[in-house]
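Reviewing the structure listed below.
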Amino acid sequence: MPEIVVPAFISVTLGFVVFFLGVFLTRKIAVLGDYNIPEPVSGGLAVALLTWGFFAITGQQITFDLEVRDYLLVVFFATIGLNAQIADLFKGGRLLVLLLGLTLAFMVLQNVVGLLGVTLFGLPSATSVLVGSASLIGGHGTAIAWGPQIEEVTGFGAAPEMGVAAATLGLILAAVLGGPIAKRLIDRNSLTSDQADEPIVGLEFDDKENPDDLINHVSLMRGMLAVHVAILLGYIVHLGIIEAGVKLPLFVPCLLVGIVMSNTIPYLMPKVTWPARTKSLAVISDYCLSVFLAMSLMSLQLWTLAELGGPILAVLVLQVVMTVAFILFIFFRLMGRNYQGAVLSAGFAGFTLGATPTAIANMSSVTKRYGPAPLAFIVLPLVSAFFVDLANAVIIQFFVNL
């Protein structure tokens with residue numbers, strides 16, 4: 001298939017353009033702002049539609065070099081770690097365990113829905129995971145890894161394309177459902193944040209100047225230095241993890257190293273000005289997440305969705321209905337029926353249908369409007385990126401062998 005490859009520098013430059021396109025669309029189309037749709041999602045989907053139109057007219061697909069995007073993701077999660085406080089993690093121990101348990105139960109339920117769907121439409125039972133946790137919670141990477149194996153087991157030639165297309169649609173749905181779910185829960189239950197002074201991720205829209213926390217080139221460079229030290233040490237830890245035979249995204253050890261740094265260095269070196277929970281680090285965090293998500297959404301090849309076919313689309317509709325019902329009637333209630341539970345609900349929709357960065361973007365969009373929920377930004381990535389990948393491999397293998 002003819003292909004136009006957009007180089008890395010141009011791709012990241014377009015990421016900025018796409019973000020501001022999303023800002024424009026969010027301001028002009030009230031429903032996007034009212035339902036907390038992140039600006040990078042609005043702009044990214046608009047560009048993805050344009051590239052789809054270009055493909056339909058010319059037959060050429062546009063592919064973006066996303067090397068810089070992956071760097072931005074690691075930087076973002078390092079800032080999350082640097083903002084974490086051990087005291088918060090101890091307070092969130094029960095929340096972390098509960099979130100993990102609900103996630104594991106949901107992964108099984110997601111594959112059960114997939115199995116019912118493919119059985120109903122006469123598809124091989126092993127393909128259930130391609131419209132289940134392999135493509136949805138697992139995302140594109142897991143779908144690409146399992147597609148050929150399922151094709152070999154079942155002889156179903158469309159398995160790889162089926163997985164990628166389902167993951168693409170899942171990412172879109174994850175990006176647009178999280179905000180409306182949180183809005184419904186917050187408005188219906190009159191919820192408010194109880195930590196209004198915590199600029200964990202993202203600046204408030206009505207943020208006021210604080211002379212003790214100025215944003216200037218020194219504070220930004222101080223924040224970036226701490227971030228890059230966390231990434232350097234996280235990379236070393238990651239090499240050790242790989243040597244041990246464990247597959248884990250690079251951003252997870254960087255997140256964990258950031259937590260360790262922010263809970264040791266300020267006490268061991270009290271005279272050092274530490275950037276944790278400053279506006280400068282919030283700016284770095286917002287910048288990286290916004291450009292990352294813009295690049296991710298603009299690079300979606302929406303024409304792959306045409307390969308899904310009616311039966312597969314029907315199964316994904318069932319997955320969405322089940323996900324929304326699970327969040328509204330089970331997840332939110334067990335999370336405490338409070339503001340933090342509503343923010344986590346937006347994140348849960350993000351990663352169970354899409355990916356961890358989508359979950360964080362959903363939560364960030366909600367907290368910018370309604371107020372911070374710092375613990376949510378710590379426990380959800382640990383569950384969605386650390387525990388889930390390990391458990392998903394076992395669950396997928398079980399359903400493939402049925």
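Here, A, B, ... name the chains of the structure tokens in the order displayed, residue numbers run from 1 inside each chain, and ligands are numbered from 1 in the same displayed order.
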Given only C-alpha atoms, how would the per-residue table for stretch 295-400 of chain A near stretch 12-28 of chain A read, listing every residue at most 12 Å away with its closest atom pair and distance in Å to one decimal, sorted by chain and number, as a tab-separated table?
residue	atom	partner	partner_atom	distance
A:Met295	CA	A:Gly15	CA	5.1
A:Ser296	CA	A:Gly15	CA	8.8
A:Leu297	CA	A:Val18	CA	9.3
A:Met298	CA	A:Val18	CA	7.5
A:Ser299	CA	A:Gly15	CA	9.8
A:Ser365	CA	A:Thr26	CA	11.8
Shell around A:Leu177 at 9 Å using only C-alpha atoms, local window under 3 positions removed, as a PyMOL selection string:
chain A and resi 35+37+172-174+180-182+324+346+349-350+362
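Comparing A:Pro374, A:Ile396, A:Phe9, A:Val383 by their smallest distance to A:Ser193, the closest is A:Pro374 (using only C-alpha atoms).
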Using only C-alpha atoms, pick whichever of A:Phe377, A:Phe331, A:Phe326, A:Phe398 has the shortest atom-to-atom distance to A:Leu82.
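Checking each of A:Phe377, A:Phe331, A:Phe326, A:Phe398 against A:Leu82, counting only C-alpha atoms, the winner is A:Phe377.
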Which polymer residues have any atom within 7 Å of an atom of A:Ser262, counting only C-alpha atoms, with same-chain residues fewer than 4 positions away left out, as a list of chain:residue names?
A:Leu82, A:Gly258, A:Pro266, A:Ala276
Go ahead and save the picked residues with all heavy atoms, as a compact mmCIF listing (two decimals), in the first residue's frame.
# COMPACT_ATOMS: atom_id res chain seq x y z
N LEU A 82 7.21 12.16 40.68
CA LEU A 82 7.83 13.23 41.47
C LEU A 82 6.80 13.96 42.33
O LEU A 82 7.15 14.53 43.37
CB LEU A 82 8.55 14.22 40.56
CG LEU A 82 9.81 13.70 39.87
CD1 LEU A 82 10.31 14.69 38.83
CD2 LEU A 82 10.91 13.42 40.90
N GLY A 258 10.62 8.19 40.49
CA GLY A 258 10.20 9.54 40.85
C GLY A 258 9.59 9.58 42.24
O GLY A 258 9.84 10.52 43.01
N PRO A 266 14.17 15.48 49.49
CA PRO A 266 13.85 16.67 50.29
C PRO A 266 14.19 16.52 51.77
O PRO A 266 14.43 17.52 52.46
CB PRO A 266 12.33 16.82 50.09
CG PRO A 266 12.06 16.17 48.79
CD PRO A 266 12.99 15.00 48.75
N ALA A 276 8.72 19.19 43.33
CA ALA A 276 7.46 18.44 43.47
C ALA A 276 6.30 19.36 43.81
O ALA A 276 6.42 20.29 44.61
CB ALA A 276 7.61 17.38 44.56
I'd like the neighbourhood of A:Ile80 as an MDAnalysis selection string, where a residue qualifies if any of its atoms comes within 12 Å (using only C-alpha atoms), though same-chain residues fewer than 2 positions away should be ignored.
chainID A and resid 73:78 82:85 199:202 223 226:227 230:231 251:262 275:278 281:282 284:286 288:289 357 360 364 374:382
Tell me, as a ChimeraX atom specification, which residues lie within 9 Å of stretch 1-5 of chain A, counting only C-alpha atoms; anything in the same chain fewer than 3 positions away does not count.
/A:59-65
Export C-alpha atoms of the chosen residues as an mmCIF file, in the first residue's frame?
data_model
loop_
_atom_site.group_PDB
_atom_site.id
_atom_site.type_symbol
_atom_site.label_atom_id
_atom_site.label_comp_id
_atom_site.auth_asym_id
_atom_site.auth_seq_id
_atom_site.Cartn_x
_atom_site.Cartn_y
_atom_site.Cartn_z
ATOM 1 C CA GLY A 59 -5.281 5.425 -1.706
ATOM 2 C CA GLN A 60 -2.149 6.572 0.179
ATOM 3 C CA GLN A 61 -1.906 6.177 3.949
ATOM 4 C CA ILE A 62 -0.138 8.782 6.083
ATOM 5 C CA THR A 63 2.124 7.379 8.795
ATOM 6 C CA PHE A 64 3.708 9.568 11.480
ATOM 7 C CA ASP A 65 7.109 8.913 13.064
#
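Here the question is which of A:Leu328, A:Ala393, A:Ile215, A:Ile186 gets nearest to A:Arg369 using only C-alpha atoms, and that residue is A:Ile186.
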Among the residues of stretch 113-156 of chain A, find those DSSP assigns to helix (DSSP H, G or I) from the backbone and print them as an MDAnalysis selection string.
chainID A and resid 113:120 125:131 139:154
